[in-house]
$ cat entry29.cif   # mmCIF, C-alpha atoms and all ligand atoms
data_data
#
loop_
_atom_site.label_atom_id
_atom_site.label_comp_id
_atom_site.auth_asym_id
_atom_site.auth_seq_id
_atom_site.Cartn_x
_atom_site.Cartn_y
_atom_site.Cartn_z
CA MET E 1 44.81 14.78 10.36
CA LEU E 2 44.73 18.01 8.29
CA GLU E 3 42.33 18.46 5.38
CA ILE E 4 42.27 21.68 3.40
CA SER E 5 39.58 22.10 0.73
CA ASN E 6 39.27 24.79 -1.90
CA LEU E 7 41.27 27.35 0.07
CA ASN E 8 41.31 30.92 -1.22
CA VAL E 9 43.07 33.90 0.36
CA HIS E 10 42.52 37.43 -0.90
CA TYR E 11 44.45 40.47 0.22
CA THR E 12 43.34 43.89 -0.99
CA ALA E 13 45.06 43.65 -4.36
CA THR E 14 46.22 40.04 -4.45
CA HIS E 15 44.52 36.67 -4.83
CA ALA E 16 47.29 34.91 -2.91
CA ILE E 17 45.83 31.36 -2.62
CA ARG E 18 43.66 30.03 -5.43
CA GLY E 19 41.66 26.91 -4.73
CA VAL E 20 44.24 24.85 -2.85
CA ASP E 21 43.46 21.33 -1.60
CA MET E 22 45.92 19.62 0.72
CA SER E 23 45.89 16.74 3.15
CA ILE E 24 48.39 15.56 5.72
CA ALA E 25 48.17 12.29 7.62
CA GLU E 26 49.39 11.69 11.16
CA ASN E 27 53.18 11.38 11.42
CA GLU E 28 53.74 12.54 7.85
CA VAL E 29 56.39 15.11 7.02
CA VAL E 30 55.32 17.25 4.08
CA CYS E 31 57.17 20.14 2.46
CA LEU E 32 55.67 23.14 0.71
CA LEU E 33 57.93 24.62 -1.95
CA GLY E 34 57.53 27.57 -4.27
CA PRO E 35 59.13 30.81 -5.44
CA ASN E 36 58.87 34.12 -3.58
CA GLY E 37 55.30 35.32 -3.38
CA ALA E 38 53.80 31.93 -4.30
CA GLY E 39 51.57 31.97 -1.22
CA LYS E 40 53.42 29.55 1.06
CA SER E 41 53.30 31.72 4.18
CA SER E 42 49.70 32.66 3.44
CA LEU E 43 48.79 28.97 3.45
CA LEU E 44 50.46 28.42 6.83
CA ARG E 45 48.82 31.57 8.19
CA SER E 46 45.44 30.30 7.01
CA ILE E 47 45.90 27.06 8.93
CA SER E 48 46.78 29.12 12.01
CA GLN E 49 43.75 31.37 11.44
CA LEU E 50 45.95 34.44 11.08
CA VAL E 51 44.42 35.58 7.78
CA PRO E 52 40.82 35.48 6.55
CA TYR E 53 40.13 32.82 3.92
CA GLU E 54 37.41 31.03 2.01
CA GLY E 55 37.22 27.23 1.96
CA THR E 56 37.51 24.78 4.82
CA ILE E 57 40.32 23.62 7.04
CA GLU E 58 39.73 20.56 9.19
CA PHE E 59 42.00 19.26 11.91
CA ASP E 60 41.20 15.80 13.27
CA GLY E 61 37.94 15.84 11.33
CA GLU E 62 36.65 19.10 12.82
CA THR E 63 36.62 22.52 11.24
CA ILE E 64 39.01 24.99 12.84
CA ASP E 65 37.67 27.97 10.87
CA ASN E 66 37.80 31.11 13.06
CA ARG E 67 39.15 29.30 16.10
CA PRO E 68 41.28 31.57 18.34
CA PRO E 69 45.04 31.02 18.89
CA ALA E 70 44.57 29.61 22.40
CA PHE E 71 42.29 26.87 21.02
CA LEU E 72 44.75 25.99 18.25
CA SER E 73 47.71 25.63 20.61
CA ARG E 74 45.61 23.54 23.00
CA VAL E 75 44.80 21.06 20.20
CA GLY E 76 48.45 20.96 19.17
CA LEU E 77 48.57 23.13 16.07
CA ILE E 78 51.90 24.88 16.61
CA HIS E 79 53.30 27.43 14.16
CA VAL E 80 56.95 28.55 14.04
CA PRO E 81 56.72 31.69 11.92
CA GLU E 82 59.33 33.17 9.65
CA GLY E 83 61.44 35.45 11.86
CA ARG E 84 61.14 33.12 14.87
CA HIS E 85 59.53 35.64 17.28
CA VAL E 86 61.66 34.74 20.27
CA PHE E 87 60.76 36.94 23.26
CA PRO E 88 63.75 39.31 23.52
CA THR E 89 63.63 40.02 27.26
CA LEU E 90 63.02 36.41 28.32
CA SER E 91 65.86 33.94 28.75
CA VAL E 92 66.27 30.86 26.58
CA HIS E 93 64.73 28.68 29.27
CA GLU E 94 61.86 31.11 29.90
CA ASN E 95 61.11 31.11 26.17
CA LEU E 96 60.88 27.32 26.32
CA GLN E 97 58.54 27.59 29.30
CA ILE E 98 56.13 29.62 27.14
CA GLY E 99 55.75 26.45 25.06
CA ALA E 100 54.70 24.50 28.14
CA HIS E 101 52.08 27.14 28.87
CA ALA E 102 50.73 26.92 25.30
CA ARG E 103 50.33 23.14 25.66
CA GLY E 104 47.81 23.61 28.46
CA SER E 105 46.80 20.34 30.09
CA ARG E 106 47.91 18.08 27.22
CA PRO E 107 50.77 15.75 28.16
CA ALA E 108 54.28 16.72 27.10
CA LEU E 109 55.74 15.07 24.00
CA TYR E 110 59.15 16.67 24.40
CA SER E 111 60.74 17.68 27.71
CA TYR E 112 63.13 20.58 28.26
CA ASP E 113 65.93 17.99 28.39
CA ASP E 114 64.86 16.63 24.99
CA VAL E 115 65.22 20.14 23.57
CA TYR E 116 68.65 20.65 25.15
CA ASP E 117 69.68 17.23 23.79
CA LEU E 118 68.54 18.19 20.29
CA PHE E 119 70.31 21.56 20.53
CA PRO E 120 73.28 21.16 22.91
CA ALA E 121 74.43 24.71 22.09
CA LEU E 122 71.41 26.03 24.02
CA THR E 123 72.42 24.25 27.24
CA ARG E 124 75.14 26.72 28.12
CA MET E 125 72.98 29.73 27.30
CA ARG E 126 69.85 28.77 29.25
CA LYS E 127 69.91 32.09 31.09
CA ARG E 128 70.80 34.29 28.11
CA GLN E 129 68.08 36.68 27.00
CA GLY E 130 66.51 36.40 23.57
CA PHE E 131 67.90 39.69 22.27
CA ALA E 132 71.46 38.41 22.78
CA LEU E 133 71.01 35.30 20.62
CA SER E 134 72.25 34.85 17.06
CA GLY E 135 69.74 34.07 14.31
CA GLY E 136 70.63 30.38 14.49
CA GLU E 137 70.26 30.27 18.27
CA GLN E 138 66.90 32.03 17.97
CA GLN E 139 65.76 29.41 15.44
CA MET E 140 66.77 26.63 17.86
CA VAL E 141 64.83 28.33 20.68
CA ALA E 142 61.78 28.85 18.46
CA LEU E 143 61.84 25.18 17.46
CA GLY E 144 62.46 24.06 21.02
CA ARG E 145 59.58 26.18 22.30
CA ALA E 146 57.32 24.62 19.67
CA LEU E 147 58.38 21.11 20.72
CA VAL E 148 57.72 21.81 24.40
CA ALA E 149 54.23 22.88 23.29
CA ALA E 150 53.63 19.21 22.28
CA PRO E 151 52.88 19.77 18.59
CA ARG E 152 50.46 17.38 16.95
CA LEU E 153 51.04 19.32 13.73
CA LEU E 154 54.16 21.47 13.52
CA LEU E 155 54.01 24.28 10.95
CA LEU E 156 57.49 25.56 10.07
CA ASP E 157 57.96 28.67 7.94
CA GLU E 158 61.40 28.70 6.33
CA PRO E 159 63.41 27.31 9.26
CA SER E 160 66.68 27.69 7.33
CA LEU E 161 66.15 31.31 6.26
CA GLY E 162 69.26 33.45 6.73
CA LEU E 163 71.22 30.78 8.59
CA ALA E 164 74.81 29.68 7.99
CA PRO E 165 75.14 26.22 6.37
CA SER E 166 76.41 24.63 9.59
CA VAL E 167 73.37 25.94 11.50
CA VAL E 168 71.02 24.78 8.75
CA ALA E 169 72.58 21.33 9.13
CA THR E 170 71.95 21.43 12.91
CA VAL E 171 68.33 22.48 12.42
CA TYR E 172 67.66 19.80 9.79
CA ARG E 173 69.41 17.14 11.86
CA ALA E 174 67.05 17.98 14.72
CA LEU E 175 64.04 17.92 12.39
CA SER E 176 65.01 14.51 11.03
CA GLU E 177 65.27 13.23 14.63
CA ILE E 178 61.75 14.35 15.46
CA ALA E 179 60.29 13.42 12.07
CA GLY E 180 59.23 9.90 13.01
CA ARG E 181 57.18 11.07 15.98
CA THR E 182 55.84 14.45 14.87
CA THR E 183 53.66 15.54 11.97
CA ILE E 184 55.35 18.42 10.14
CA LEU E 185 54.42 20.82 7.34
CA VAL E 186 57.56 22.74 6.40
CA VAL E 187 57.69 25.72 4.03
CA GLU E 188 61.10 26.08 2.44
CA GLN E 189 63.10 27.72 -0.31
CA ASN E 190 65.88 25.32 0.63
CA THR E 191 64.64 22.63 -1.73
CA SER E 192 67.25 19.96 -1.17
CA ASP E 193 67.01 19.85 2.63
CA ALA E 194 63.20 20.03 2.53
CA LEU E 195 62.91 17.15 0.05
CA ALA E 196 65.41 15.07 2.00
CA LEU E 197 63.39 15.55 5.18
CA ALA E 198 59.87 15.23 3.81
CA ARG E 199 58.19 12.16 2.42
CA ARG E 200 55.88 14.22 0.23
CA GLY E 201 55.81 17.71 -1.17
CA TYR E 202 53.56 20.31 -2.73
CA VAL E 203 54.79 23.02 -5.08
CA LEU E 204 52.88 26.30 -5.12
CA ALA E 205 53.13 28.88 -7.90
CA GLU E 206 50.98 31.99 -8.04
CA GLY E 207 48.74 30.58 -5.33
CA ARG E 208 48.03 27.24 -7.03
CA VAL E 209 49.36 23.73 -6.42
CA VAL E 210 51.29 23.00 -9.61
CA MET E 211 52.99 19.78 -8.53
CA ASN E 212 52.62 17.37 -5.65
CA GLY E 213 53.74 13.88 -4.82
CA GLU E 214 56.39 11.80 -3.14
CA SER E 215 59.69 13.61 -2.62
CA SER E 216 61.45 11.03 -4.78
CA ALA E 217 58.97 11.66 -7.63
CA LEU E 218 59.46 15.43 -7.35
CA THR E 219 63.20 14.87 -7.39
CA ASP E 220 62.89 12.76 -10.53
CA ARG E 221 61.19 15.72 -12.22
CA LYS E 222 64.01 18.01 -11.20
CA ALA E 223 63.94 20.19 -14.33
CA VAL E 224 60.19 20.89 -14.06
CA LEU E 225 60.55 21.51 -10.35
CA ALA E 226 63.39 23.96 -10.97
CA SER E 227 61.32 25.83 -13.56
CA TYR E 228 58.42 26.24 -11.11
CA LEU E 229 60.81 27.38 -8.41
CA GLY E 230 62.21 29.99 -10.79
CA GLN E 231 65.65 28.41 -10.81
CA THR E 232 67.74 27.19 -13.71
CA ASP E 233 68.65 24.07 -11.79
CA ILE E 234 68.37 22.75 -8.26
CA ASP E 235 70.63 20.60 -6.23
CA VAL E 236 68.37 17.92 -4.85
CA GLY E 237 71.31 15.84 -3.66
CA ASP E 238 70.88 12.14 -3.13
CA VAL E 239 67.35 12.23 -1.81
CA GLY E 240 66.16 8.68 -1.54
CA GLU E 241 64.08 6.30 0.50
CA ASP E 242 67.00 5.55 2.80
CA ARG E 243 67.12 9.20 3.89
CA LEU E 244 63.42 9.50 4.57
CA PRO E 245 62.15 9.41 8.15
CA PRO E 246 60.07 6.47 9.37
CA MET E 247 56.44 6.70 8.34
CA THR E 248 53.20 5.64 9.92
CA GLU E 249 51.31 3.56 7.37
CA LYS E 250 47.72 4.68 7.00
N1 LIG E 301 49.32 41.11 4.52
C1 LIG E 301 49.37 41.17 3.19
N2 LIG E 301 48.72 42.17 2.53
C2 LIG E 301 48.73 42.24 1.18
N3 LIG E 301 49.35 41.34 0.38
C3 LIG E 301 50.01 40.32 0.98
C4 LIG E 301 50.05 40.19 2.41
N4 LIG E 301 50.78 39.09 2.73
C5 LIG E 301 51.18 38.56 1.55
N5 LIG E 301 50.72 39.31 0.49
C6 LIG E 301 50.93 39.02 -0.91
O1 LIG E 301 50.38 37.71 -1.15
C7 LIG E 301 51.26 36.98 -2.03
C8 LIG E 301 51.73 35.71 -1.34
O2 LIG E 301 52.57 36.07 -0.26
P1 LIG E 301 53.20 34.98 0.72
O3 LIG E 301 54.01 35.72 1.74
O4 LIG E 301 52.16 34.08 1.19
O5 LIG E 301 54.16 34.18 -0.27
P2 LIG E 301 55.41 33.25 0.04
O6 LIG E 301 55.35 32.13 -0.94
O7 LIG E 301 55.43 32.89 1.48
O8 LIG E 301 56.62 34.22 -0.30
P3 LIG E 301 58.11 34.28 0.34
O9 LIG E 301 58.77 32.98 0.01
O10 LIG E 301 58.71 35.45 -0.38
O11 LIG E 301 57.95 34.50 1.81
C9 LIG E 301 52.38 37.94 -2.41
O12 LIG E 301 52.04 38.54 -3.63
C10 LIG E 301 52.39 38.95 -1.29
O13 LIG E 301 52.85 40.21 -1.74
#

$ encode --input "entry29.cif" --output "structure tokens"
Amino acid sequence: MLEISNLNVHYTATHAIRGVDMSIAENEVVCLLGPNGAGKSSLLRSISQLVPYEGTIEFDGETIDNRPPAFLSRVGLIHVPEGRHVFPTLSVHENLQIGAHARGSRPALYSYDDVYDLFPALTRMRKRQGFALSGGEQQMVALGRALVAAPRLLLLDEPSLGLAPSVVATVYRALSEIAGRTTILVVEQNTSDALALARRGYVLAEGRVVMNGESSALTDRKAVLASYLGQTDIDVGDVGEDRLPPMTEK
């Protein structure tokens, strides 16, 4: 579904992505790990055509280089950026309706009711404006809006950033519920939740892919993984096949 070849991103003084290759198949959940400044957000922004790059990015076998945002949302490439970007003067429900607009004429994959079922806390605040939501509530709205937009590939930039553990658990429970029916690329510093959710992972360091493979294999190489992530150790919990979402065999 997504094929990235020899991707390079340069900012004025920084070579942020250095020759990255990546592929994601339909219905896969893939995580992208790495320390601060490794280039994770730059890679997601490249896919969404938000930064200039060299190399090629293909979605469903066609290049999406230089395609405008309206085209990307119409083909189902939906990006939930770091910071969520909930519209502050629109209500929760109106924010969700923006997702329906982004979907264009493609059929819905998730209804408003599906979103309220995934995040029951939002049900009683349907009319509350975005500026009056907590960080966790904003993350739920941002995810819900992306689901209403019928994502064929959902790009998530640090969905757990700055959230209390109980809210992180709610967000990851929702992601594991949608994992079997939605293709996801999730950027995370929260290694254990990301590896438990994803079937495969890539580790970026200084703009290069330094490790990639099945989540269980990355977990087995915990010490190496921790060294790349700039940590002395990581808690990768009991990540195992039984916790992985259903996969489409390709
Ligand atoms: N707009 C920009 N202009 C100049 N340099 C940038 C820009 N955006 C990112 N960089 C630099 O590119 C490198 C990669 O940044 P990026 O945000 O992609 O990393 P990251 O892995 O997402 O980091 P973090 O986990 O801290 O968000 C960093 O050195 C960063 O300072």

$ residues_near_ligand --input "entry29.cif" --ligand "ligand LIG 301 (chain E)" --cutoff "9 Å" --atoms "only C-alpha atoms and all ligand atoms" --output "MDAnalysis selection string"
chainID E and resid 9:17 33:45 51 82 157:158 187:189 204:207

$ closest_residue --input "entry29.cif" --among "E:Leu7, E:Val80, E:Ala217, E:Leu72" --to "Leu156 in chain E" --atoms "only C-alpha atoms"
E:Val80

$ residues_around --input "entry29.cif" --residues "range 26-32 of chain E" --least-positions-apart "6" --cutoff "8 Å" --atoms "all atoms listed in the file" --output "list in words"
Met1, Lys40, Ala179, Gly180, Arg181, Thr182, Thr183, Ile184, Leu185, Val186, Val187, Glu188, Ala194, Leu195, Leu197, Ala198, Arg199, Arg200, Gly201, Tyr202, Val203, Leu204, Met247 and Thr248 of chain E

$ atom_distance --input "entry29.cif" --atom1 "CA of Leu2 in chain E" --atom2 "CA of Asp60 in chain E"
6.5 Å

$ closest_residue --input "entry29.cif" --among "E:Leu147, E:Gln139, E:Pro88, E:Thr123" --to "Pro107 in chain E" --atoms "only C-alpha atoms"
E:Leu147

$ atom_distance --input "entry29.cif" --atom1 "CA of Arg74 in chain E" --atom2 "CA of Pro151 in chain E"
9.3 Å

$ closest_residue --input "entry29.cif" --among "E:Ser176, E:Ser134, E:Ser73, E:Asn8" --to "Val148 in chain E" --atoms "all atoms listed in the file"
E:Ser73

$ atom_distance --input "entry29.cif" --atom1 "CA of Asn95 in chain E" --atom2 "CA of Phe71 in chain E"
20.0 Å

$ closest_residue --input "entry29.cif" --among "E:Met125, E:Leu225, E:Val171, E:Val210" --to "Glu94 in chain E" --atoms "only C-alpha atoms"
E:Met125

$ residues_near_point --input "entry29.cif" --point "(65.8, 23.4, 14.0)" --cutoff "10 Å" --atoms "all atoms listed in the file" --output "list in words"
Leu118, Phe119, Gly136, Glu137, Gln138, Gln139, Met140, Val141, Ala142, Leu143, Gly144, Leu156, Pro159, Ser160, Val167, Val168, Ala169, Thr170, Val171, Tyr172, Arg173, Ala174, Leu175 and Ser176 of chain E

$ residues_around --input "entry29.cif" --residues "Leu96 in chain E" --least-positions-apart "3" --cutoff "10 Å" --atoms "only C-alpha atoms" --output "count of residues only"
21

$ closest_residue --input "entry29.cif" --among "E:His79, E:Arg128, E:Arg67, E:Arg18" --to "Ala150 in chain E" --atoms "only C-alpha atoms"
E:His79
